[in-house]
file start.txt (compact mmCIF, C-alpha atoms (C1' of nucleotides))
# COMPACT_ATOMS: atom_id res chain seq x y z
CA MET A 1 33.90 25.36 6.86
CA ALA A 2 34.00 24.31 3.23
CA THR A 3 31.45 26.00 1.05
CA PRO A 4 29.03 23.37 -0.24
CA ALA A 5 28.78 23.24 -4.00
CA PRO A 6 25.69 25.14 -5.09
CA ALA A 7 23.14 22.94 -6.83
CA THR A 8 23.17 24.21 -10.39
CA HIS A 9 22.31 22.58 -13.68
CA ASP A 10 26.02 22.06 -14.32
CA ASP A 11 26.47 19.70 -11.39
CA VAL A 12 26.37 16.00 -12.16
CA ASP A 13 25.46 15.21 -8.57
CA LEU A 14 22.88 17.79 -7.67
CA ASP A 15 22.47 16.79 -4.03
CA PRO A 16 24.70 15.22 -1.41
CA PRO A 17 23.54 11.71 -0.60
CA VAL A 18 21.06 11.50 2.27
CA ASP A 19 22.02 9.20 5.13
CA LEU A 20 19.06 6.94 5.90
CA GLY A 21 20.73 5.57 9.03
CA GLU A 22 18.84 2.89 10.91
CA LEU A 23 16.04 3.12 8.35
CA SER A 24 18.20 0.89 6.14
CA SER A 25 17.88 -1.88 8.69
CA ASN A 26 14.25 -1.24 9.56
CA LEU A 27 12.40 -4.33 8.39
CA GLY A 28 9.10 -2.63 7.59
CA TYR A 29 10.76 0.15 5.62
CA MET A 30 12.90 -2.23 3.58
CA LEU A 31 9.94 -4.53 2.93
CA ARG A 32 7.92 -1.59 1.66
CA ARG A 33 10.65 -0.34 -0.65
CA ALA A 34 11.28 -3.84 -1.99
CA GLN A 35 7.57 -4.48 -2.48
CA LEU A 36 7.14 -1.23 -4.40
CA ALA A 37 10.11 -2.08 -6.62
CA VAL A 38 8.83 -5.59 -7.33
CA PHE A 39 5.24 -4.43 -7.95
CA GLU A 40 6.54 -1.80 -10.34
CA ASP A 41 8.28 -4.45 -12.42
CA PHE A 42 5.20 -6.67 -12.16
CA HIS A 43 2.96 -3.93 -13.55
CA ARG A 44 5.45 -3.10 -16.28
CA SER A 45 5.48 -6.78 -17.23
CA LEU A 46 1.68 -6.84 -17.50
CA ALA A 47 1.34 -3.47 -19.21
CA GLY A 48 -1.51 -3.59 -21.68
CA GLU A 49 -3.20 -6.49 -19.89
CA ASP A 50 -4.99 -4.20 -17.41
CA ILE A 51 -4.67 -6.67 -14.55
CA ARG A 52 -4.11 -5.66 -10.91
CA THR A 53 -2.07 -7.78 -8.56
CA ALA A 54 -5.20 -8.62 -6.55
CA GLN A 55 -7.07 -9.69 -9.69
CA TYR A 56 -4.17 -11.89 -10.74
CA SER A 57 -4.11 -13.59 -7.35
CA VAL A 58 -7.88 -14.23 -7.55
CA LEU A 59 -7.54 -15.83 -11.00
CA LEU A 60 -4.80 -18.12 -9.69
CA VAL A 61 -6.84 -19.16 -6.64
CA LEU A 62 -9.97 -19.83 -8.71
CA ARG A 63 -8.15 -22.11 -11.14
CA LEU A 64 -6.75 -24.18 -8.28
CA ASN A 65 -9.92 -24.10 -6.16
CA PRO A 66 -12.90 -23.93 -8.53
CA GLY A 67 -16.26 -23.43 -6.83
CA LEU A 68 -14.99 -21.52 -3.81
CA ARG A 69 -17.42 -19.05 -2.26
CA GLN A 70 -16.49 -15.34 -2.37
CA ASN A 71 -16.16 -15.44 1.36
CA GLN A 72 -13.48 -18.14 1.18
CA VAL A 73 -11.44 -16.42 -1.51
CA CYS A 74 -11.51 -13.24 0.56
CA ALA A 75 -10.31 -15.05 3.69
CA ALA A 76 -7.51 -16.79 1.79
CA LEU A 77 -6.23 -13.57 0.19
CA GLY A 78 -6.96 -11.09 2.96
CA ILE A 79 -9.52 -9.07 1.01
CA LYS A 80 -12.60 -7.56 2.66
CA THR A 81 -15.76 -9.02 1.17
CA ALA A 82 -17.12 -5.52 0.53
CA ASN A 83 -14.06 -4.68 -1.57
CA PHE A 84 -14.14 -8.01 -3.34
CA VAL A 85 -17.49 -7.28 -5.01
CA PRO A 86 -16.29 -4.62 -7.49
CA LEU A 87 -13.04 -6.57 -8.08
CA LEU A 88 -15.05 -9.64 -9.08
CA ASP A 89 -17.53 -7.52 -11.04
CA GLY A 90 -14.59 -6.42 -13.17
CA LEU A 91 -13.44 -9.99 -13.83
CA GLU A 92 -16.99 -11.06 -14.65
CA ARG A 93 -17.65 -8.09 -16.93
CA ARG A 94 -14.55 -9.03 -18.91
CA GLY A 95 -15.66 -12.63 -19.07
CA LEU A 96 -12.71 -14.02 -17.10
CA ALA A 97 -14.62 -15.41 -14.09
CA GLU A 98 -18.22 -16.11 -13.16
CA ARG A 99 -20.48 -16.44 -10.13
CA ARG A 100 -22.74 -19.48 -10.07
CA MET A 101 -25.69 -19.97 -7.74
CA MET A 102 -25.16 -22.78 -5.24
CA GLN A 103 -28.10 -25.13 -4.77
CA GLN A 104 -26.96 -26.09 -1.25
CA ASP A 105 -27.06 -22.49 -0.02
CA ARG A 106 -28.86 -19.93 -2.09
CA ARG A 107 -27.13 -17.07 -0.31
CA ALA A 108 -23.72 -18.16 -1.59
CA ARG A 109 -22.14 -18.08 -5.03
CA GLY A 110 -19.49 -20.49 -6.28
CA LEU A 111 -16.72 -18.85 -8.27
CA PHE A 112 -15.20 -20.28 -11.44
CA LEU A 113 -12.84 -19.25 -14.20
CA THR A 114 -14.42 -19.10 -17.64
CA GLN A 115 -12.67 -20.67 -20.64
CA LEU A 116 -11.44 -17.18 -21.53
CA GLY A 117 -10.26 -16.78 -17.96
CA GLN A 118 -8.20 -19.96 -18.24
CA THR A 119 -6.48 -18.98 -21.47
CA THR A 120 -5.98 -15.41 -20.28
CA LEU A 121 -4.39 -16.69 -17.10
CA LEU A 122 -1.99 -18.86 -19.10
CA ARG A 123 -0.91 -15.81 -21.09
CA LEU A 124 -0.49 -13.74 -17.92
CA GLU A 125 1.57 -16.49 -16.34
CA THR A 126 4.19 -16.40 -19.08
CA LEU A 127 4.56 -12.64 -18.50
CA VAL A 128 4.71 -13.13 -14.74
CA ALA A 129 7.29 -15.89 -15.18
CA GLU A 130 9.50 -13.41 -17.05
CA HIS A 131 9.00 -10.95 -14.23
CA GLU A 132 9.92 -13.53 -11.61
CA ALA A 133 13.00 -14.49 -13.61
CA ARG A 134 14.05 -10.85 -13.71
CA MET A 135 13.67 -10.60 -9.94
CA ALA A 136 15.55 -13.86 -9.41
CA ALA A 137 18.37 -12.49 -11.56
CA LEU A 138 18.80 -9.65 -9.07
CA ILE A 139 19.50 -11.94 -6.14
CA GLY A 140 20.17 -15.39 -7.58
CA ASP A 141 17.94 -18.43 -7.58
CA ASP A 142 19.05 -19.87 -4.26
CA ASP A 143 18.64 -16.56 -2.46
CA ARG A 144 15.23 -16.07 -4.06
CA THR A 145 14.10 -19.37 -2.56
CA ARG A 146 15.57 -18.41 0.77
CA LEU A 147 13.89 -15.00 0.63
CA ILE A 148 10.46 -16.54 -0.02
CA GLU A 149 10.99 -18.86 2.91
CA LEU A 150 11.97 -16.00 5.23
CA LEU A 151 8.96 -13.94 4.16
CA ASN A 152 6.74 -16.92 4.86
CA ARG A 153 7.92 -16.98 8.45
CA LEU A 154 6.95 -13.33 8.93
CA VAL A 155 3.34 -13.81 7.85
CA MET B 1 -17.13 -39.10 -3.57
CA ALA B 2 -16.97 -38.27 0.11
CA THR B 3 -19.58 -35.81 1.25
CA PRO B 4 -17.83 -32.65 2.42
CA ALA B 5 -18.66 -31.68 5.98
CA PRO B 6 -21.26 -28.92 5.92
CA ALA B 7 -19.96 -25.67 7.39
CA THR B 8 -21.99 -25.28 10.55
CA HIS B 9 -21.29 -23.51 13.80
CA ASP B 10 -20.31 -26.85 15.35
CA ASP B 11 -17.31 -27.35 13.07
CA VAL B 12 -13.94 -26.42 14.46
CA ASP B 13 -12.58 -25.99 10.96
CA LEU B 14 -15.28 -24.13 9.13
CA ASP B 15 -13.66 -24.20 5.70
CA PRO B 16 -11.27 -26.53 3.92
CA PRO B 17 -7.89 -24.87 3.47
CA VAL B 18 -7.49 -22.96 0.22
CA ASP B 19 -4.54 -23.95 -1.96
CA LEU B 20 -2.64 -20.80 -2.93
CA GLY B 21 -0.45 -22.72 -5.36
CA GLU B 22 2.25 -20.72 -7.12
CA LEU B 23 1.09 -17.61 -5.27
CA SER B 24 3.11 -18.88 -2.32
CA SER B 25 6.26 -18.50 -4.36
CA ASN B 26 5.28 -15.25 -6.06
CA LEU B 27 7.76 -12.70 -4.79
CA GLY B 28 5.46 -9.69 -4.99
CA TYR B 29 2.61 -11.45 -3.23
CA MET B 30 4.80 -12.72 -0.42
CA LEU B 31 6.45 -9.32 -0.01
CA ARG B 32 3.03 -7.71 0.27
CA ARG B 33 1.77 -10.18 2.86
CA ALA B 34 4.97 -9.90 4.88
CA GLN B 35 4.94 -6.11 4.70
CA LEU B 36 1.33 -5.97 5.89
CA ALA B 37 2.12 -8.29 8.80
CA VAL B 38 5.18 -6.26 9.82
CA PHE B 39 3.39 -2.91 9.48
CA GLU B 40 0.55 -4.24 11.60
CA ASP B 41 2.95 -5.07 14.42
CA PHE B 42 4.68 -1.72 13.90
CA HIS B 43 1.41 0.16 14.30
CA ARG B 44 0.41 -1.91 17.32
CA SER B 45 3.77 -1.08 18.89
CA LEU B 46 3.21 2.64 18.35
CA ALA B 47 -0.46 2.63 19.32
CA GLY B 48 -1.29 5.85 21.16
CA GLU B 49 1.63 7.71 19.59
CA ASP B 50 -0.33 8.58 16.44
CA ILE B 51 2.68 8.24 14.18
CA ARG B 52 2.55 6.88 10.61
CA THR B 53 5.40 4.92 9.14
CA ALA B 54 6.15 7.75 6.70
CA GLN B 55 6.26 10.29 9.54
CA TYR B 56 8.60 8.09 11.53
CA SER B 57 10.95 7.77 8.57
CA VAL B 58 10.96 11.56 8.12
CA LEU B 59 11.84 12.12 11.78
CA LEU B 60 14.74 9.67 11.48
CA VAL B 61 16.06 11.33 8.33
CA LEU B 62 15.82 14.83 9.80
CA ARG B 63 17.80 13.90 12.91
CA LEU B 64 20.58 12.44 10.81
CA ASN B 65 20.47 15.13 8.12
CA PRO B 66 19.36 18.37 9.75
CA GLY B 67 18.72 21.26 7.36
CA LEU B 68 17.69 19.17 4.36
CA ARG B 69 15.27 20.80 1.95
CA GLN B 70 11.80 19.22 1.57
CA ASN B 71 12.76 18.31 -1.91
CA GLN B 72 15.72 16.24 -0.72
CA VAL B 73 13.80 14.40 1.97
CA CYS B 74 11.16 13.52 -0.61
CA ALA B 75 13.75 12.16 -3.05
CA ALA B 76 15.42 10.10 -0.34
CA LEU B 77 12.18 8.53 0.88
CA GLY B 78 10.26 8.31 -2.38
CA ILE B 79 7.53 10.75 -1.39
CA LYS B 80 5.95 13.18 -3.88
CA THR B 81 6.59 16.77 -2.82
CA ALA B 82 2.87 17.54 -3.10
CA ASN B 83 2.07 14.78 -0.61
CA PHE B 84 4.90 15.78 1.67
CA VAL B 85 3.33 19.16 2.47
CA PRO B 86 0.42 17.90 4.64
CA LEU B 87 2.66 15.23 6.21
CA LEU B 88 5.13 17.90 7.32
CA ASP B 89 2.29 20.25 8.33
CA GLY B 90 1.24 17.56 10.79
CA LEU B 91 4.71 17.21 12.29
CA GLU B 92 5.03 20.99 12.53
CA ARG B 93 1.59 21.45 14.09
CA ARG B 94 2.55 18.98 16.79
CA GLY B 95 5.84 20.76 17.37
CA LEU B 96 8.03 17.83 16.29
CA ALA B 97 9.72 19.41 13.26
CA GLU B 98 10.07 22.86 11.75
CA ARG B 99 10.68 24.60 8.44
CA ARG B 100 13.29 27.35 8.48
CA MET B 101 13.81 29.89 5.72
CA MET B 102 17.14 29.49 3.92
CA GLN B 103 19.08 32.68 3.27
CA GLN B 104 20.93 31.12 0.29
CA ASP B 105 17.71 30.34 -1.55
CA ARG B 106 14.52 32.00 -0.39
CA ARG B 107 12.37 29.50 -2.23
CA ALA B 108 13.63 26.60 -0.12
CA ARG B 109 13.06 25.65 3.50
CA GLY B 110 15.53 23.76 5.65
CA LEU B 111 13.94 21.09 7.83
CA PHE B 112 14.88 20.42 11.45
CA LEU B 113 13.68 18.43 14.41
CA THR B 114 12.60 20.51 17.38
CA GLN B 115 13.75 19.63 20.88
CA LEU B 116 10.38 17.95 21.39
CA GLY B 117 10.90 16.11 18.12
CA GLN B 118 14.23 14.75 19.36
CA THR B 119 12.88 13.46 22.66
CA THR B 120 9.75 12.11 20.99
CA LEU B 121 11.88 10.27 18.46
CA LEU B 122 13.92 8.69 21.26
CA ARG B 123 10.73 7.42 22.86
CA LEU B 124 9.45 6.10 19.54
CA GLU B 125 12.76 4.35 18.92
CA THR B 126 12.48 2.26 22.08
CA LEU B 127 9.04 1.10 20.94
CA VAL B 128 10.32 0.40 17.43
CA ALA B 129 13.27 -1.51 18.87
CA GLU B 130 10.83 -3.78 20.70
CA HIS B 131 8.95 -4.24 17.45
CA GLU B 132 12.13 -5.09 15.57
CA ALA B 133 13.11 -7.54 18.30
CA ARG B 134 9.73 -9.24 17.97
CA MET B 135 10.21 -9.56 14.22
CA ALA B 136 13.75 -10.85 14.66
CA ALA B 137 12.43 -13.48 17.08
CA LEU B 138 10.26 -14.84 14.26
CA ILE B 139 13.17 -15.59 11.99
CA GLY B 140 16.30 -15.35 14.11
CA ASP B 141 18.92 -12.60 14.19
CA ASP B 142 21.16 -13.98 11.45
CA ASP B 143 18.27 -14.52 9.08
CA ARG B 144 16.96 -11.05 9.81
CA THR B 145 20.29 -9.58 8.74
CA ARG B 146 20.27 -11.77 5.64
CA LEU B 147 16.69 -10.75 4.85
CA ILE B 148 17.53 -7.04 5.03
CA GLU B 149 20.46 -7.63 2.73
CA LEU B 150 18.32 -9.51 0.20
CA LEU B 151 15.65 -6.79 0.26
CA ASN B 152 18.33 -4.21 -0.37
CA ARG B 153 19.31 -5.99 -3.57
CA LEU B 154 15.74 -5.81 -4.86
CA VAL B 155 15.45 -2.03 -4.50
C1' DT C 1 13.14 29.69 -18.16
C1' DA C 2 13.66 26.49 -14.36
C1' DT C 3 13.00 25.21 -9.55
C1' DT C 4 10.78 25.05 -4.57
C1' DG C 5 7.04 24.60 -2.31
C1' DT C 6 2.17 24.71 -2.54
C1' DT C 7 -2.90 23.92 -3.72
C1' DA C 8 -6.43 21.40 -5.74
C1' DT C 9 -7.92 17.28 -7.30
C1' DA C 10 -8.50 12.49 -8.65
C1' DC C 11 -7.74 7.69 -8.33
C1' DT C 12 -6.69 3.46 -5.89
C1' DC C 13 -6.81 0.70 -1.62
C1' DT C 14 -8.66 -0.25 2.46
C1' DA C 15 -12.11 -0.06 6.27
C1' DT C 16 -16.90 0.15 8.51
C1' DA C 17 -21.76 0.17 8.87
C1' DA C 18 -26.07 -1.04 7.24
C1' DC C 19 -28.97 -3.48 4.15
C1' DT C 20 -31.16 -8.05 1.51
C1' DA C 21 -31.99 -12.61 1.11
C1' DT C 22 -31.39 -16.51 2.75
C1' DA C 23 -30.21 -20.03 6.53
C1' DT D 1 -30.35 -15.00 15.13
C1' DA D 2 -26.56 -15.62 12.12
C1' DT D 3 -24.38 -15.66 7.54
C1' DA D 4 -23.26 -14.47 2.27
C1' DG D 5 -23.18 -11.08 -0.50
C1' DT D 6 -24.01 -6.30 -1.41
C1' DT D 7 -24.21 -1.08 -1.19
C1' DA D 8 -22.67 3.23 0.32
C1' DT D 9 -19.27 5.79 2.21
C1' DA D 10 -15.12 7.42 4.40
C1' DG D 11 -10.26 7.41 5.05
C1' DA D 12 -5.61 6.57 3.82
C1' DG D 13 -1.97 6.67 0.20
C1' DT D 14 -0.50 8.09 -4.11
C1' DA D 15 -0.55 10.64 -8.65
C1' DT D 16 -0.81 14.85 -11.86
C1' DA D 17 -1.47 19.62 -13.19
C1' DA D 18 -1.16 24.30 -12.29
C1' DC D 19 0.19 28.19 -9.55
C1' DA D 20 3.26 31.89 -6.75
C1' DA D 21 7.64 33.15 -5.33
C1' DT D 22 12.21 33.00 -6.36
C1' DA D 23 16.36 31.70 -8.91
call {"tool": "encode", "arguments": {"input": "start.txt", "output": "structure tokens"}}
result
Amino acid sequence: MATPAPATHDDVDLDPPVDLGELSSNLGYMLRRAQLAVFEDFHRSLAGEDIRTAQYSVLLVLRLNPGLRQNQVCAALGIKTANFVPLLDGLERRGLAERRMMQQDRRARGLFLTQLGQTTLLRLETLVAEHEARMAALIGDDDRTRLIELLNRLV
Amino acid sequence: MATPAPATHDDVDLDPPVDLGELSSNLGYMLRRAQLAVFEDFHRSLAGEDIRTAQYSVLLVLRLNPGLRQNQVCAALGIKTANFVPLLDGLERRGLAERRMMQQDRRARGLFLTQLGQTTLLRLETLVAEHEARMAALIGDDDRTRLIELLNRLV
DNA sequence: TATTGTTATACTCTATAACTATA
DNA sequence: TATAGTTATAGAGTATAACAATA
């Protein structure tokens, strides 16, 4: 038996590579690793903006669907209503979105972007576009489109 | 302006569909939704086995790389060593894996599957194979292979 | 001095149950 | 009775700092 090289500070490769085996073709595992890698680049791209992925998705939905009830935003994005409250509190405190009483149903609140929310979202979108371009560069534009389409079929 | 149908219990469609806009082509968002959907099916498939995705990946790695140090498993799977301790404690408590002292370096522990760990893993793998088959049925076998390959390029 | 594994701890995300005010 | 939003809380998952034993 060959003596394995001891792992010292002089070694360039400290450890032999670990064989992941079938894990490399496990869909859930690969999706998780890819998602973590993409989110990491996303957060790096928005460093200094203090915006979470969930908050960004809410801003996008509110611009396209102004007046939605909290309830509806939650259903569309898969967020529990209980968890949505502090998320929205944060956006409101920063003046990016607002709750408005609805005259038709005084239990419900319609959600809207503020003017600041609109301009902030535009700024975020340029950063996100750079992020998306970086991701597309990794796999090519055609394959990016194909990937999105495949992911859509899994949901 | 047409009066929107009030959302009552008699409506089949309670809410108008929400337009997700560019979110549908946001790579991170779609990866997250897809990953959640796949993990949900994974957990349903392993219901009653009380195995987390991270634990399953550790079992797979240990079978293929017996004797790895905790350190190395963590690096391969992207787990912090501090978080790996309770995860491994759980596997050891259930008799699926074990730490063995290493004579070369008494700080380190080599990790191994037990006999029970091996047979348990075989049982889990048949359930996971059914899960993977179900996922492949959603997109087709060729596209599943292509998807894995695309995800690999993102990591 | 540096490294392996460990403990303690904190922060984010997610999940559930119970409450309020309205319907 | 049921629903929209809220509060409180608990559980995962993940992150950092500091420590003991060993190198």
call {"tool": "closest_atom_pairs", "arguments": {"input": "start.txt", "of": "chain B", "to": "chain C", "cutoff": "10 Å", "atoms": "all atoms listed in the file", "output": "Markdown table"}}
result
| residue | atom | partner | partner_atom | distance |
| --- | --- | --- | --- | --- |
| B:Arg69 | CA | C:DT4 | C1' | 9.0 |
| B:Gln70 | CA | C:DG5 | C1' | 8.2 |
| B:Asn71 | CA | C:DT4 | C1' | 7.5 |
| B:Thr81 | CA | C:DG5 | C1' | 7.9 |
| B:Ala82 | CA | C:DT6 | C1' | 7.2 |
| B:Phe84 | CA | C:DG5 | C1' | 9.9 |
| B:Val85 | CA | C:DT6 | C1' | 7.6 |
| B:Asp105 | CA | C:DT4 | C1' | 9.2 |
| B:Arg106 | CA | C:DT4 | C1' | 8.9 |
| B:Arg107 | CA | C:DT4 | C1' | 5.3 |
| B:Ala108 | CA | C:DT4 | C1' | 5.5 |
| B:Arg109 | CA | C:DT4 | C1' | 8.4 |
call {"tool": "calpha_fit_and_write", "arguments": {"input": "start.txt", "fixed": "chain A", "moving": "chain B", "output": "compact mmCIF listing (two decimals) with C-alpha atoms, keeping the file's coordinate frame"}}
result
# COMPACT_ATOMS: atom_id res chain seq x y z
CA MET B 1 34.33 24.61 6.67
CA ALA B 2 34.32 23.66 3.01
CA THR B 3 31.77 25.51 0.95
CA PRO B 4 29.23 23.02 -0.36
CA ALA B 5 28.90 23.02 -4.13
CA PRO B 6 25.82 25.01 -5.09
CA ALA B 7 23.19 22.88 -6.80
CA THR B 8 23.15 24.22 -10.33
CA HIS B 9 22.22 22.65 -13.62
CA ASP B 10 25.92 22.07 -14.33
CA ASP B 11 26.39 19.66 -11.43
CA VAL B 12 26.30 15.98 -12.23
CA ASP B 13 25.37 15.19 -8.65
CA LEU B 14 22.78 17.77 -7.77
CA ASP B 15 22.39 16.81 -4.12
CA PRO B 16 24.64 15.25 -1.51
CA PRO B 17 23.46 11.75 -0.66
CA VAL B 18 21.00 11.56 2.22
CA ASP B 19 21.96 9.28 5.10
CA LEU B 20 19.01 7.01 5.88
CA GLY B 21 20.70 5.68 9.01
CA GLU B 22 18.82 2.99 10.92
CA LEU B 23 16.02 3.20 8.36
CA SER B 24 18.17 0.98 6.15
CA SER B 25 17.86 -1.78 8.70
CA ASN B 26 14.22 -1.16 9.58
CA LEU B 27 12.40 -4.26 8.43
CA GLY B 28 9.10 -2.58 7.62
CA TYR B 29 10.72 0.20 5.64
CA MET B 30 12.87 -2.16 3.61
CA LEU B 31 9.92 -4.47 2.97
CA ARG B 32 7.90 -1.52 1.71
CA ARG B 33 10.62 -0.28 -0.62
CA ALA B 34 11.26 -3.78 -1.95
CA GLN B 35 7.56 -4.44 -2.44
CA LEU B 36 7.11 -1.19 -4.35
CA ALA B 37 10.08 -2.01 -6.59
CA VAL B 38 8.80 -5.53 -7.29
CA PHE B 39 5.22 -4.38 -7.91
CA GLU B 40 6.50 -1.75 -10.31
CA ASP B 41 8.26 -4.40 -12.39
CA PHE B 42 5.18 -6.62 -12.11
CA HIS B 43 2.94 -3.89 -13.50
CA ARG B 44 5.41 -3.05 -16.25
CA SER B 45 5.45 -6.73 -17.21
CA LEU B 46 1.66 -6.80 -17.45
CA ALA B 47 1.30 -3.42 -19.14
CA GLY B 48 -1.56 -3.56 -21.64
CA GLU B 49 -3.23 -6.46 -19.85
CA ASP B 50 -5.02 -4.19 -17.37
CA ILE B 51 -4.70 -6.64 -14.51
CA ARG B 52 -4.14 -5.63 -10.87
CA THR B 53 -2.11 -7.76 -8.52
CA ALA B 54 -5.23 -8.60 -6.51
CA GLN B 55 -7.09 -9.68 -9.66
CA TYR B 56 -4.19 -11.87 -10.71
CA SER B 57 -4.13 -13.57 -7.32
CA VAL B 58 -7.88 -14.22 -7.54
CA LEU B 59 -7.53 -15.81 -10.98
CA LEU B 60 -4.78 -18.10 -9.67
CA VAL B 61 -6.83 -19.14 -6.65
CA LEU B 62 -9.95 -19.83 -8.72
CA ARG B 63 -8.10 -22.11 -11.14
CA LEU B 64 -6.70 -24.15 -8.29
CA ASN B 65 -9.87 -24.09 -6.19
CA PRO B 66 -12.84 -23.92 -8.55
CA GLY B 67 -16.22 -23.44 -6.88
CA LEU B 68 -14.98 -21.52 -3.84
CA ARG B 69 -17.42 -19.08 -2.30
CA GLN B 70 -16.51 -15.36 -2.38
CA ASN B 71 -16.20 -15.51 1.32
CA GLN B 72 -13.50 -18.18 1.15
CA VAL B 73 -11.46 -16.44 -1.52
CA CYS B 74 -11.55 -13.28 0.57
CA ALA B 75 -10.34 -15.10 3.69
CA ALA B 76 -7.53 -16.79 1.78
CA LEU B 77 -6.26 -13.57 0.21
CA GLY B 78 -7.02 -11.10 2.99
CA ILE B 79 -9.59 -9.10 1.05
CA LYS B 80 -12.70 -7.61 2.70
CA THR B 81 -15.85 -9.10 1.19
CA ALA B 82 -17.22 -5.60 0.56
CA ASN B 83 -14.17 -4.73 -1.53
CA PHE B 84 -14.23 -8.05 -3.31
CA VAL B 85 -17.57 -7.32 -4.99
CA PRO B 86 -16.35 -4.64 -7.47
CA LEU B 87 -13.10 -6.57 -8.05
CA LEU B 88 -15.07 -9.66 -9.07
CA ASP B 89 -17.57 -7.54 -11.04
CA GLY B 90 -14.62 -6.44 -13.16
CA LEU B 91 -13.44 -9.98 -13.83
CA GLU B 92 -17.00 -11.05 -14.64
CA ARG B 93 -17.65 -8.09 -16.94
CA ARG B 94 -14.56 -9.01 -18.91
CA GLY B 95 -15.65 -12.63 -19.10
CA LEU B 96 -12.70 -14.00 -17.10
CA ALA B 97 -14.60 -15.41 -14.10
CA GLU B 98 -18.19 -16.15 -13.17
CA ARG B 99 -20.46 -16.49 -10.16
CA ARG B 100 -22.71 -19.55 -10.14
CA MET B 101 -25.65 -20.06 -7.81
CA MET B 102 -25.13 -22.88 -5.32
CA GLN B 103 -28.05 -25.26 -4.84
CA GLN B 104 -26.87 -26.23 -1.32
CA ASP B 105 -26.99 -22.65 -0.08
CA ARG B 106 -28.85 -20.09 -2.14
CA ARG B 107 -27.14 -17.21 -0.38
CA ALA B 108 -23.71 -18.24 -1.65
CA ARG B 109 -22.13 -18.14 -5.09
CA GLY B 110 -19.48 -20.54 -6.33
CA LEU B 111 -16.69 -18.87 -8.29
CA PHE B 112 -15.15 -20.28 -11.47
CA LEU B 113 -12.80 -19.25 -14.22
CA THR B 114 -14.37 -19.12 -17.67
CA GLN B 115 -12.62 -20.67 -20.65
CA LEU B 116 -11.41 -17.18 -21.54
CA GLY B 117 -10.22 -16.76 -17.97
CA GLN B 118 -8.14 -19.94 -18.24
CA THR B 119 -6.42 -18.96 -21.47
CA THR B 120 -5.94 -15.39 -20.28
CA LEU B 121 -4.36 -16.66 -17.08
CA LEU B 122 -1.94 -18.81 -19.08
CA ARG B 123 -0.87 -15.76 -21.07
CA LEU B 124 -0.48 -13.70 -17.91
CA GLU B 125 1.59 -16.46 -16.32
CA THR B 126 4.22 -16.34 -19.06
CA LEU B 127 4.58 -12.59 -18.47
CA VAL B 128 4.72 -13.09 -14.71
CA ALA B 129 7.32 -15.82 -15.15
CA GLU B 130 9.52 -13.35 -17.03
CA HIS B 131 9.00 -10.88 -14.21
CA GLU B 132 9.92 -13.47 -11.59
CA ALA B 133 13.01 -14.42 -13.59
CA ARG B 134 14.06 -10.77 -13.68
CA MET B 135 13.67 -10.52 -9.92
CA ALA B 136 15.55 -13.78 -9.38
CA ALA B 137 18.39 -12.42 -11.53
CA LEU B 138 18.79 -9.57 -9.03
CA ILE B 139 19.49 -11.85 -6.11
CA GLY B 140 20.18 -15.29 -7.55
CA ASP B 141 17.94 -18.36 -7.56
CA ASP B 142 19.05 -19.78 -4.22
CA ASP B 143 18.64 -16.47 -2.44
CA ARG B 144 15.24 -16.00 -4.02
CA THR B 145 14.11 -19.31 -2.55
CA ARG B 146 15.58 -18.34 0.81
CA LEU B 147 13.88 -14.93 0.65
CA ILE B 148 10.46 -16.49 0.01
CA GLU B 149 11.01 -18.80 2.93
CA LEU B 150 11.97 -15.94 5.25
CA LEU B 151 8.94 -13.89 4.17
CA ASN B 152 6.73 -16.86 4.89
CA ARG B 153 7.94 -16.91 8.48
CA LEU B 154 6.95 -13.28 8.95
CA VAL B 155 3.33 -13.78 7.89
call {"tool": "axis_aligned_box", "arguments": {"input": "start.txt", "around": "segment 9-18 of chain C", "padding_each_side": "8 Å", "output": "lines of an AutoDock Vina configuration file"}}
result
center_x = -16.4
center_y = 8.1
center_z = 0.1
size_x = 35.4
size_y = 34.3
size_z = 33.5
call {"tool": "atom_distance", "arguments": {"input": "start.txt", "atom1": "atom CA of Leu46 of chain B", "atom2": "atom CA of Leu20 of chain A"}}
result
20.6 Å
call {"tool": "atom_distance", "arguments": {"input": "start.txt", "atom1": "atom CA of Met135 of chain B", "atom2": "atom CA of Glu149 of chain B"}}
result
15.5 Å
call {"tool": "interface_residues", "arguments": {"input": "start.txt", "of": "chain D", "to": "chain B", "cutoff": "12 Å", "atoms": "all atoms listed in the file", "output": "PyMOL selection string"}}
result
chain D and resi 2-3+12-17+20-23
call {"tool": "residues_around", "arguments": {"input": "start.txt", "residues": "Phe112 of chain B", "least_positions_apart": "2", "cutoff": "6 Å", "atoms": "all atoms listed in the file", "output": "PyMOL selection string"}}
result
chain B and resi 62+66-67+97-98
call {"tool": "closest_atom_pairs", "arguments": {"input": "start.txt", "of": "chain B", "to": "chain A", "cutoff": "6 Å", "atoms": "all atoms listed in the file", "output": "JSON lines"}}
result
{"residue": "B:Leu20", "atom": "CA", "partner": "A:Val61", "partner_atom": "CA", "distance": 5.8}
{"residue": "B:Gly28", "atom": "CA", "partner": "A:Val38", "partner_atom": "CA", "distance": 5.8}
{"residue": "B:Leu31", "atom": "CA", "partner": "A:Gln35", "partner_atom": "CA", "distance": 5.5}
{"residue": "B:Ala34", "atom": "CA", "partner": "A:Val155", "partner_atom": "CA", "distance": 5.2}
{"residue": "B:Gln35", "atom": "CA", "partner": "A:Leu31", "partner_atom": "CA", "distance": 5.5}
{"residue": "B:Ala37", "atom": "CA", "partner": "A:Val155", "partner_atom": "CA", "distance": 5.7}
{"residue": "B:Val38", "atom": "CA", "partner": "A:Gly28", "partner_atom": "CA", "distance": 5.8}
{"residue": "B:Val61", "atom": "CA", "partner": "A:Leu20", "partner_atom": "CA", "distance": 5.8}
{"residue": "B:Leu151", "atom": "CA", "partner": "A:Ala34", "partner_atom": "CA", "distance": 5.7}
{"residue": "B:Leu154", "atom": "CA", "partner": "A:Ala34", "partner_atom": "CA", "distance": 5.7}
{"residue": "B:Val155", "atom": "CA", "partner": "A:Ala34", "partner_atom": "CA", "distance": 5.2}
